[in-house]
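Next up, data_30.cif (mmCIF, C-alpha atoms):
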```cif
data_entry
#
loop_
_atom_site.label_atom_id
_atom_site.label_comp_id
_atom_site.auth_asym_id
_atom_site.auth_seq_id
_atom_site.Cartn_x
_atom_site.Cartn_y
_atom_site.Cartn_z
CA MET A 187 106.74 69.81 96.06
CA GLU A 188 103.40 71.59 96.05
CA PRO A 189 101.10 70.42 98.88
CA LYS A 190 97.77 69.06 97.63
CA ILE A 191 95.00 71.61 98.04
CA PHE A 192 91.73 70.54 99.67
CA PRO A 193 88.43 72.21 100.54
CA GLU A 194 88.66 74.24 103.73
CA ILE A 195 86.09 73.52 106.45
CA ASP A 196 85.64 76.18 109.12
CA ALA A 197 84.77 74.27 112.30
CA ALA A 198 83.48 77.43 113.93
CA LEU A 199 80.81 77.81 111.22
CA CYS A 200 80.04 74.13 110.71
CA ASP A 201 76.97 72.93 112.65
CA GLY A 202 77.38 69.30 111.67
CA CYS A 203 74.15 69.16 109.63
CA GLY A 204 75.75 66.64 107.26
CA LYS A 205 74.22 68.08 104.06
CA CYS A 206 77.68 68.03 102.46
CA LEU A 207 77.95 64.23 102.77
CA PRO A 208 75.44 63.23 100.09
CA ALA A 209 76.59 66.18 97.95
CA CYS A 210 80.12 64.76 97.88
CA MET A 211 79.98 62.25 95.01
CA SER A 212 83.33 60.72 95.93
CA GLY A 213 82.72 59.93 99.62
CA ALA A 214 85.58 62.13 100.84
CA LEU A 215 83.52 63.78 103.62
CA GLY A 216 82.26 62.55 106.97
CA VAL A 217 81.06 64.01 110.26
CA ARG A 218 83.43 63.59 113.22
CA ALA A 219 82.78 65.08 116.66
CA GLY A 220 79.80 66.94 115.24
CA LYS A 221 81.78 68.63 112.47
CA ALA A 222 82.17 67.97 108.77
CA THR A 223 85.60 66.53 108.12
CA LEU A 224 87.57 65.45 105.08
CA ILE A 225 87.90 61.81 106.11
CA ARG A 226 89.23 60.51 102.76
CA PRO A 227 91.18 63.39 101.18
CA ASP A 228 92.55 60.95 98.62
CA LEU A 229 89.05 60.64 97.18
CA CYS A 230 88.33 64.37 96.92
CA ARG A 231 87.73 65.44 93.31
CA TYR A 232 87.45 69.16 94.15
CA ASP A 233 84.11 69.48 92.37
CA GLY A 234 82.84 72.10 94.86
CA ASN A 235 79.44 70.50 95.54
CA CYS A 236 80.14 70.62 99.28
CA GLU A 237 80.52 74.40 99.18
CA LEU A 238 77.37 74.70 97.09
CA VAL A 239 75.12 72.89 99.58
CA CYS A 240 76.59 74.07 102.88
CA PRO A 241 73.91 76.23 104.56
CA THR A 242 76.37 78.00 106.89
CA ASP A 243 79.13 78.84 104.38
CA ALA A 244 81.51 76.72 106.42
CA ILE A 245 83.15 75.14 103.38
CA ARG A 246 85.44 77.01 100.99
CA VAL A 247 86.67 75.48 97.75
CA PRO A 248 89.12 78.11 96.46
CA TYR A 249 90.68 78.34 93.01
CA VAL A 250 93.80 79.93 91.64
CA ILE A 251 93.39 81.43 88.16
CA VAL A 252 96.42 81.35 85.90
CA PHE A 253 97.43 81.69 82.26
CA ARG A 254 98.69 78.42 80.86
CA GLU A 255 101.59 80.14 79.10
CA ASP A 256 102.76 82.18 82.11
CA PRO A 257 106.57 82.04 81.86
CA ALA A 258 106.94 82.20 85.66
CA TRP A 259 105.98 78.57 85.89
CA ALA A 260 106.43 77.43 82.30
CA GLY A 261 103.41 75.17 82.12
CA GLN A 262 103.91 73.70 85.60
CA ASN A 263 101.33 74.80 88.12
CA PRO A 264 102.38 77.48 90.64
CA LEU A 265 103.03 76.63 94.26
CA ILE A 266 100.32 77.69 96.70
CA SER A 267 101.74 79.01 99.98
CA MET B 250 94.37 98.36 119.52
CA PRO B 251 97.08 100.82 118.39
CA ASP B 252 100.54 99.96 119.63
CA GLY B 253 102.37 103.14 118.65
CA SER B 254 104.31 101.62 115.74
CA ARG B 255 104.19 103.40 112.40
CA PRO B 256 104.07 102.25 108.78
CA ASP B 257 107.29 102.64 106.87
CA LEU B 258 107.53 105.38 104.27
CA ALA B 259 108.10 102.88 101.47
CA LEU B 260 104.64 101.39 102.05
CA LEU B 261 102.98 104.78 101.65
CA GLN B 262 105.04 105.50 98.54
CA ARG B 263 103.60 102.36 96.95
CA VAL B 264 100.03 103.68 97.38
CA PRO B 265 99.34 104.69 93.78
CA TYR B 266 98.08 108.19 94.47
CA PHE B 267 100.56 108.89 97.30
CA ALA B 268 103.57 108.01 95.11
CA LYS B 269 104.13 111.58 93.88
CA LEU B 270 103.71 113.24 97.27
CA PRO B 271 106.75 115.03 98.75
CA LEU B 272 108.56 113.24 101.57
CA ASP B 273 107.42 115.71 104.24
CA VAL B 274 103.76 114.96 103.40
CA LEU B 275 104.41 111.21 103.51
CA ALA B 276 106.17 111.65 106.85
CA ALA B 277 103.15 113.54 108.20
CA LEU B 278 100.82 110.75 107.03
CA THR B 279 103.09 108.16 108.61
CA ALA B 280 103.05 110.03 111.92
CA ALA B 281 99.23 110.13 111.92
CA ALA B 282 98.74 106.42 111.12
CA ASN B 283 98.02 103.76 113.73
CA ASP B 284 98.05 100.02 113.10
CA ARG B 285 94.98 97.80 113.28
CA ARG B 286 95.44 94.04 112.88
CA PHE B 287 92.78 91.56 111.84
CA VAL B 288 92.64 87.80 111.51
CA ARG B 289 91.17 86.12 108.46
CA GLY B 290 87.39 86.50 108.38
CA GLN B 291 87.29 89.32 110.91
CA MET B 292 85.13 92.34 110.06
CA ILE B 293 87.19 95.53 109.89
CA PHE B 294 84.18 97.86 109.92
CA LEU B 295 80.49 97.71 109.03
CA GLU B 296 78.49 99.65 106.47
CA GLY B 297 76.48 102.40 108.15
CA GLU B 298 78.70 102.81 111.19
CA PRO B 299 80.37 106.20 111.78
CA CYS B 300 83.42 106.83 109.60
CA ALA B 301 86.18 104.50 110.71
CA GLY B 302 88.98 106.54 109.10
CA LEU B 303 91.17 106.09 106.04
CA PHE B 304 92.68 102.62 105.90
CA ILE B 305 95.87 101.55 104.16
CA VAL B 306 96.53 97.84 103.69
CA GLY B 307 100.00 96.97 105.00
CA SER B 308 99.82 93.22 104.45
CA GLY B 309 97.08 90.70 103.72
CA THR B 310 93.88 91.15 101.69
CA VAL B 311 90.71 93.14 102.41
CA LYS B 312 87.27 92.59 100.86
CA ILE B 313 84.97 95.61 100.46
CA LEU B 314 81.38 94.43 100.35
CA LYS B 315 77.72 95.25 100.64
CA LEU B 316 75.19 92.85 102.12
CA SER B 317 71.54 92.54 101.15
CA PRO B 318 69.00 92.16 103.98
CA GLN B 319 68.79 88.48 102.94
CA GLY B 320 72.53 88.12 103.50
CA ARG B 321 73.59 88.04 99.84
CA GLU B 322 77.00 89.59 99.38
CA GLN B 323 78.19 91.90 96.59
CA ILE B 324 81.95 92.35 96.55
CA LEU B 325 82.95 95.82 95.41
CA ALA B 326 86.72 95.35 95.59
CA ARG B 327 89.52 93.10 96.84
CA LEU B 328 92.50 95.11 98.03
CA GLY B 329 96.07 94.03 98.72
CA PRO B 330 99.05 95.84 100.23
CA SER B 331 99.46 99.55 99.51
CA HIS B 332 95.80 100.02 98.64
CA THR B 333 93.56 102.39 100.57
CA PHE B 334 89.87 102.23 101.38
CA ASN B 335 87.05 104.22 103.01
CA GLU B 336 88.04 107.54 101.39
CA VAL B 337 84.38 108.39 100.72
CA ALA B 338 83.46 108.47 104.42
CA VAL B 339 86.63 110.38 105.27
CA LEU B 340 85.85 113.04 102.67
CA ASP B 341 82.10 113.51 103.16
CA GLY B 342 81.89 112.78 106.89
CA GLY B 343 79.09 110.28 106.37
CA PRO B 344 78.97 106.70 107.65
CA ASN B 345 81.06 103.93 106.10
CA PRO B 346 79.45 103.34 102.65
CA ALA B 347 80.30 99.64 102.65
CA SER B 348 81.69 96.97 104.97
CA ALA B 349 85.26 95.70 105.02
CA GLU B 350 86.42 92.20 105.94
CA ALA B 351 89.90 90.70 106.24
CA MET B 352 90.27 87.84 103.73
CA ALA B 353 93.62 86.82 105.24
CA ASP B 354 95.49 87.82 108.40
CA THR B 355 95.83 91.52 107.66
CA VAL B 356 97.68 94.54 108.98
CA THR B 357 96.17 97.94 108.20
CA TRP B 358 97.20 101.50 109.01
CA VAL B 359 94.41 103.90 109.92
CA ILE B 360 94.33 107.68 109.79
CA SER B 361 91.34 109.35 111.43
CA ARG B 362 89.06 111.70 109.52
CA ALA B 363 90.12 114.57 111.75
CA ASP B 364 93.80 113.97 111.00
CA MET B 365 93.13 113.61 107.26
CA GLN B 366 91.23 116.93 107.27
CA ARG B 367 94.06 118.64 109.11
CA LEU B 368 96.71 117.21 106.78
CA ALA B 369 94.72 117.92 103.61
CA GLN B 370 94.36 121.57 104.66
CA GLN B 371 98.03 121.77 105.50
CA TYR B 372 99.26 120.06 102.29
CA PRO B 373 97.39 120.91 99.04
CA ALA B 374 99.24 118.09 97.25
CA LEU B 375 97.50 115.63 99.57
CA SER B 376 94.10 117.16 98.74
CA TRP B 377 94.75 116.61 95.04
CA ALA B 378 95.95 113.05 95.67
CA LEU B 379 92.65 112.32 97.46
CA ILE B 380 90.69 113.77 94.54
CA GLU B 381 92.60 111.50 92.15
CA SER B 382 91.82 108.52 94.35
CA ILE B 383 88.11 109.26 94.37
CA ALA B 384 88.12 109.82 90.61
CA ALA B 385 89.76 106.42 90.07
CA ARG B 386 87.22 104.81 92.36
CA ALA B 387 84.34 106.47 90.48
CA ARG B 388 85.75 105.20 87.19
CA HIS B 389 85.91 101.67 88.59
CA LEU B 390 82.30 101.89 89.78
CA VAL B 391 81.10 103.20 86.40
CA GLU B 392 82.74 100.17 84.79
CA MET B 393 81.11 97.89 87.34
CA VAL B 394 77.67 99.39 86.61
CA GLU B 395 78.27 98.79 82.90
CA ASP B 396 79.27 95.21 83.59
CA LEU B 397 76.30 94.47 85.80
CA SER B 398 73.70 96.04 83.55
CA LEU B 399 75.02 95.22 80.09
CA ARG B 400 77.17 92.07 80.23
CA SER B 401 76.06 88.47 80.60
CA VAL B 402 77.31 86.41 83.55
CA LYS B 403 79.60 84.45 81.24
CA SER B 404 81.07 87.65 79.79
CA ARG B 405 81.58 89.13 83.27
CA LEU B 406 83.16 85.89 84.46
CA ALA B 407 85.52 85.86 81.46
CA LYS B 408 86.58 89.40 82.31
CA LEU B 409 87.11 88.47 85.96
CA LEU B 410 89.19 85.40 85.08
CA LEU B 411 91.44 87.47 82.82
CA HIS B 412 91.84 90.09 85.53
CA GLU B 413 92.68 87.55 88.24
CA ALA B 414 95.15 85.68 86.02
CA GLY B 415 96.82 89.02 85.35
CA ARG B 416 97.31 89.41 89.10
CA THR B 417 99.07 86.05 89.45
CA THR B 418 101.19 86.44 86.31
CA GLY B 419 104.88 86.13 87.01
CA GLN B 420 104.42 84.71 90.50
CA SER B 421 105.96 81.30 91.11
CA GLU B 422 104.21 81.08 94.49
CA ILE B 423 100.69 82.26 95.20
CA ASP B 424 99.26 83.27 98.58
CA ARG B 425 95.99 81.54 99.49
CA GLY B 426 94.46 85.01 99.97
CA GLN B 427 94.69 85.41 96.18
CA MET B 428 92.51 82.37 95.56
CA MET B 429 88.76 82.74 94.99
CA THR B 430 85.87 80.39 95.61
CA GLN B 431 82.96 80.19 93.17
CA THR B 432 80.83 81.84 95.86
CA GLU B 433 83.26 84.75 96.02
CA MET B 434 83.30 85.01 92.24
CA ALA B 435 79.49 85.16 92.29
CA ALA B 436 79.51 87.92 94.89
CA ARG B 437 82.01 89.85 92.83
CA LEU B 438 79.93 89.41 89.67
CA GLY B 439 76.57 90.20 91.24
CA THR B 440 75.12 86.76 90.60
CA VAL B 441 74.70 83.43 92.40
CA ARG B 442 77.13 80.56 92.70
CA GLU B 443 75.13 78.21 90.49
CA MET B 444 75.41 80.65 87.58
CA VAL B 445 79.18 80.84 88.05
CA GLY B 446 79.44 77.06 88.06
CA ARG B 447 77.40 76.84 84.88
CA ALA B 448 79.45 79.55 83.15
CA LEU B 449 82.72 77.86 84.14
CA ARG B 450 81.54 74.56 82.68
CA GLU B 451 80.49 76.31 79.46
CA LEU B 452 83.89 78.01 79.15
CA ALA B 453 85.63 74.67 79.78
CA ASP B 454 83.45 72.96 77.16
CA GLU B 455 84.42 75.70 74.70
CA GLY B 456 88.08 74.98 75.43
CA VAL B 457 89.01 78.51 76.51
CA ILE B 458 89.69 77.38 80.11
CA ALA B 459 90.63 74.09 81.72
CA LEU B 460 89.49 73.07 85.23
CA ASP B 461 92.24 71.16 87.03
CA ARG B 462 91.27 70.67 90.68
CA HIS B 463 92.05 73.98 92.38
CA ARG B 464 93.35 75.57 89.19
CA ILE B 465 91.38 77.41 86.58
CA VAL B 466 93.82 77.50 83.69
CA ILE B 467 93.21 79.97 80.91
CA ALA B 468 94.14 77.94 77.87
CA ASP B 469 93.03 80.40 75.17
CA ARG B 470 93.58 83.97 76.30
CA GLN B 471 92.31 85.55 73.09
CA GLY B 472 89.27 83.33 73.02
CA LEU B 473 88.44 84.25 76.61
CA ALA B 474 88.95 87.94 75.83
CA ALA B 475 86.48 87.58 72.97
CA VAL B 476 83.93 86.14 75.40
CA ALA B 477 84.63 89.02 77.80
CA ASP B 478 84.02 91.55 75.02
CA GLY B 479 81.02 89.72 73.66
CA PHE B 480 78.43 91.19 76.08
#
```
Please re-express this file's structure in structure tokens.
Amino acid sequence: MEPKIFPEIDAALCDGCGKCLPACMSGALGVRAGKATLIRPDLCRYDGNCELVCPTDAIRVPYVIVFREDPAWAGQNPLIS
Amino acid sequence: MPDGSRPDLALLQRVPYFAKLPLDVLAALTAAANDRRFVRGQMIFLEGEPCAGLFIVGSGTVKILKLSPQGREQILARLGPSHTFNEVAVLDGGPNPASAEAMADTVTWVISRADMQRLAQQYPALSWALIESIAARARHLVEMVEDLSLRSVKSRLAKLLLHEAGRTTGQSEIDRGQMMTQTEMAARLGTVREMVGRALRELADEGVIALDRHRIVIADRQGLAAVADGF
């Protein structure tokens, strides 16, 4: 089964400013040990607002771009490895 | 640090403009190449530094980019295995014309400028292969200039989405290095992230794409192509 994909937070770049918290409309983010952390991944809606507001580029919200009719996965979404 | 291992011949044969080279030329290139390994996010070389040599991507993904003084990034190319980069500096002896960064854990093979000069003089077929490479790169840059100066952000984004979907076509599993953030799309398109977000929402509202968490699904390929051609 495909693992769920979540925003990636680079702890080395994160300075714990917390700007991503109010930007996250679903409450999925928190600050733990001075770093932004996905505390409620089940709430994440992958809207990318966290990446937009992060002043240190610590958050990446990556996308895969596919054709719906691609026969390789016949309408099911491809696995991300 | 080089460890003395060499790339295999098959990798060099997959480099588009090395494919037609005779085996003895490929063997000479293999003998001159040294490996350089980089972790994701590591800079491979910086724009303006002395020529770092000709690089061949063995595995992973490399981003070629230019940075404005304010730190804004313009991505010139994303290169996967069997692609080369930094030919311009190798050929004209000038500094690296752009920077290169590993987008995933990456193995590259590097041939020094001095070795490339020696081999190009020894093997005329290699000289012609390098000319073809530069010509292809110039063609790509001409197209990029056209895109940046004549196309709207939405049209450029449509073209990018079609291109990226073409790269994943047929793959049942996708490496994370093939995924793009909206920030990376903006850098590639010569715009800012907010414009990409707006253009994506417009395309979704028009029904040509669907946004499904980490997937941008092209629902209407012809419709998206029409947007790409619409300027």
Write out as a ChimeraX atom specification each polymer residue whose atoms come within 8 Å of Cys236 (chain A), counting all atoms listed in the file; drop sequence neighbours fewer than 2 positions from it.
-> /A:206-207,209-210,234,238-240,245
Selected residues, C-alpha atoms, written as an mmCIF file, in the frame of the given file, please.
```cif
data_model
loop_
_atom_site.group_PDB
_atom_site.id
_atom_site.type_symbol
_atom_site.label_atom_id
_atom_site.label_comp_id
_atom_site.auth_asym_id
_atom_site.auth_seq_id
_atom_site.Cartn_x
_atom_site.Cartn_y
_atom_site.Cartn_z
ATOM 1 C CA CYS A 206 77.680 68.030 102.460
ATOM 2 C CA LEU A 207 77.950 64.230 102.770
ATOM 3 C CA ALA A 209 76.590 66.180 97.950
ATOM 4 C CA CYS A 210 80.120 64.760 97.880
ATOM 5 C CA GLY A 234 82.840 72.100 94.860
ATOM 6 C CA LEU A 238 77.370 74.700 97.090
ATOM 7 C CA VAL A 239 75.120 72.890 99.580
ATOM 8 C CA CYS A 240 76.590 74.070 102.880
ATOM 9 C CA ILE A 245 83.150 75.140 103.380
#
```
For the structure shown, which residues end up in the PyMOL selection byres ((chain B) within 8 of (chain A))? Put them as a PyMOL selection string, please?
-> chain B and resi 410+413-415+417-425+427-431+442-443+462-468+470
Excluding same-chain residues fewer than 3 positions from Cys203 (chain A), what lies within 9 Å of it counting only C-alpha atoms, as an mmCIF file with C-alpha atoms, in the coordinates of the input?
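Final output, part21.cif:
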```
data_model
loop_
_atom_site.group_PDB
_atom_site.id
_atom_site.type_symbol
_atom_site.label_atom_id
_atom_site.label_comp_id
_atom_site.auth_asym_id
_atom_site.auth_seq_id
_atom_site.Cartn_x
_atom_site.Cartn_y
_atom_site.Cartn_z
ATOM 1 C CA CYS A 200 80.040 74.130 110.710
ATOM 2 C CA CYS A 206 77.680 68.030 102.460
ATOM 3 C CA VAL A 217 81.060 64.010 110.260
ATOM 4 C CA GLY A 220 79.800 66.940 115.240
ATOM 5 C CA LYS A 221 81.780 68.630 112.470
ATOM 6 C CA ALA A 222 82.170 67.970 108.770
ATOM 7 C CA CYS A 240 76.590 74.070 102.880
ATOM 8 C CA PRO A 241 73.910 76.230 104.560
#
```
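Of note, CA of His389 (chain B) and CA of Glu296 (chain B) are spaced 19.5 Å apart.
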At what distance in Å, to one decimal, does CA of Asp454 (chain B) lie from CA of Ser398 (chain B)?
->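 According to the coordinates, CA of Ser398 (chain B) and CA of Asp454 (chain B) are separated by 25.9 Å.
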For CA of Ala301 (chain B) and CA of Gly426 (chain B), determine how far apart the two atoms are, in Å to one decimal place.
->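 Going from CA of Ala301 (chain B) over to CA of Gly426 (chain B) covers 23.7 Å.
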Contacts of Gly439 (chain B) at 8 Å (only C-alpha atoms; same-chain gap of 4+ positions) as a PyMOL selection string | chain B and resi 323-324+397+435
For region 341-343 of chain B, list every protein, DNA or RNA residue within 12 Å, evaluated using only C-alpha atoms, and leave out those in the same chain fewer than 5 positions away; present the list as a PyMOL selection string.
-> chain B and resi 296-303+335-336+361-363+365-366+383
Take the residues from that selection and put them in a file with C-alpha atoms, as a compact mmCIF listing (two decimals), in the frame of the given file.
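That gives us result-v7.txt:
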```txt
# COMPACT_ATOMS: atom_id res chain seq x y z
CA GLU B 296 78.49 99.65 106.47
CA GLY B 297 76.48 102.40 108.15
CA GLU B 298 78.70 102.81 111.19
CA PRO B 299 80.37 106.20 111.78
CA CYS B 300 83.42 106.83 109.60
CA ALA B 301 86.18 104.50 110.71
CA GLY B 302 88.98 106.54 109.10
CA LEU B 303 91.17 106.09 106.04
CA ASN B 335 87.05 104.22 103.01
CA GLU B 336 88.04 107.54 101.39
CA SER B 361 91.34 109.35 111.43
CA ARG B 362 89.06 111.70 109.52
CA ALA B 363 90.12 114.57 111.75
CA MET B 365 93.13 113.61 107.26
CA GLN B 366 91.23 116.93 107.27
CA ILE B 383 88.11 109.26 94.37
```
Polymer residues at most 10 Å from Ile225 (chain A), all atoms listed in the file, same-chain spacing of 2 or more positions, as a PyMOL selection string | chain A and resi 213-218+222-223+227-230
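With all atoms listed in the file as the atoms that count, the minimum distance from Ser317 (chain B) to the choices B:Glu392, B:Ala347, B:Leu275, B:Ala477 is reached by B:Ala347.
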Report as a list in words the full result of the PyMOL selection byres ((chain B and resi 277) around 12) when it is applied to this structure.
->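 Selected by the PyMOL selection byres ((chain B and resi 277) around 12) in this file: Arg255, Pro256, Asp257, Leu258, Leu261, Leu270, Pro271, Leu272, Asp273, Val274, Leu275, Ala276, Leu278, Thr279, Ala280, Ala281, Ala282, Ile360, Asp364, Met365, Arg367, Leu368, Ala369, Gln371, Tyr372 and Leu375 of chain B.
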Residues in the PyMOL selection byres ((chain B and resi 449) around 10), expressed as a ChimeraX atom specification = /B:403,406-407,410,431,443-448,450-455,457-460,465
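Comparing B:Pro330, B:Gly320, B:Pro265, B:Gly290 by their smallest distance to Phe304 (chain B), the closest is B:Pro330 (using all atoms listed in the file).
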With the input short on atoms, add N, CA and C atoms back to region 235-250 of chain A and write it as a CSV table (one decimal), in the coordinates of the input.
```csv
chain,number,residue,atom,x,y,z
A,235,ASN,N,80.8,70.7,95.1
A,235,ASN,CA,79.4,70.5,95.5
A,235,ASN,C,79.2,70.7,97.0
A,236,CYS,N,80.3,70.4,97.8
A,236,CYS,CA,80.1,70.6,99.3
A,236,CYS,C,79.9,72.1,99.6
A,237,GLU,N,80.7,73.0,98.9
A,237,GLU,CA,80.5,74.4,99.2
A,237,GLU,C,79.1,74.9,98.8
A,238,LEU,N,78.7,74.3,97.7
A,238,LEU,CA,77.4,74.7,97.1
A,238,LEU,C,76.2,74.4,98.1
A,239,VAL,N,76.3,73.3,98.8
A,239,VAL,CA,75.1,72.9,99.6
A,239,VAL,C,75.2,73.3,101.0
A,240,CYS,N,76.4,73.8,101.5
A,240,CYS,CA,76.6,74.1,102.9
A,240,CYS,C,75.7,75.3,103.3
A,241,PRO,N,74.8,75.1,104.2
A,241,PRO,CA,73.9,76.2,104.6
A,241,PRO,C,74.5,77.3,105.5
A,242,THR,N,75.7,77.0,106.0
A,242,THR,CA,76.4,78.0,106.9
A,242,THR,C,77.6,78.6,106.3
A,243,ASP,N,77.9,78.3,105.0
A,243,ASP,CA,79.1,78.8,104.4
A,243,ASP,C,80.4,78.4,105.1
A,244,ALA,N,80.3,77.2,105.7
A,244,ALA,CA,81.5,76.7,106.4
A,244,ALA,C,82.6,76.1,105.5
A,245,ILE,N,82.2,75.8,104.3
A,245,ILE,CA,83.2,75.1,103.4
A,245,ILE,C,83.6,76.1,102.3
A,246,ARG,N,84.9,76.2,102.1
A,246,ARG,CA,85.4,77.0,101.0
A,246,ARG,C,86.2,76.1,100.0
A,247,VAL,N,85.9,76.2,98.8
A,247,VAL,CA,86.7,75.5,97.8
A,247,VAL,C,87.3,76.5,96.8
A,248,PRO,N,88.5,77.0,97.2
A,248,PRO,CA,89.1,78.1,96.5
A,248,PRO,C,89.9,77.7,95.2
A,249,TYR,N,90.0,78.6,94.3
A,249,TYR,CA,90.7,78.3,93.0
A,249,TYR,C,91.8,79.4,92.8
A,250,VAL,N,92.8,79.0,92.1
A,250,VAL,CA,93.8,79.9,91.6
A,250,VAL,C,93.6,80.0,90.1
```
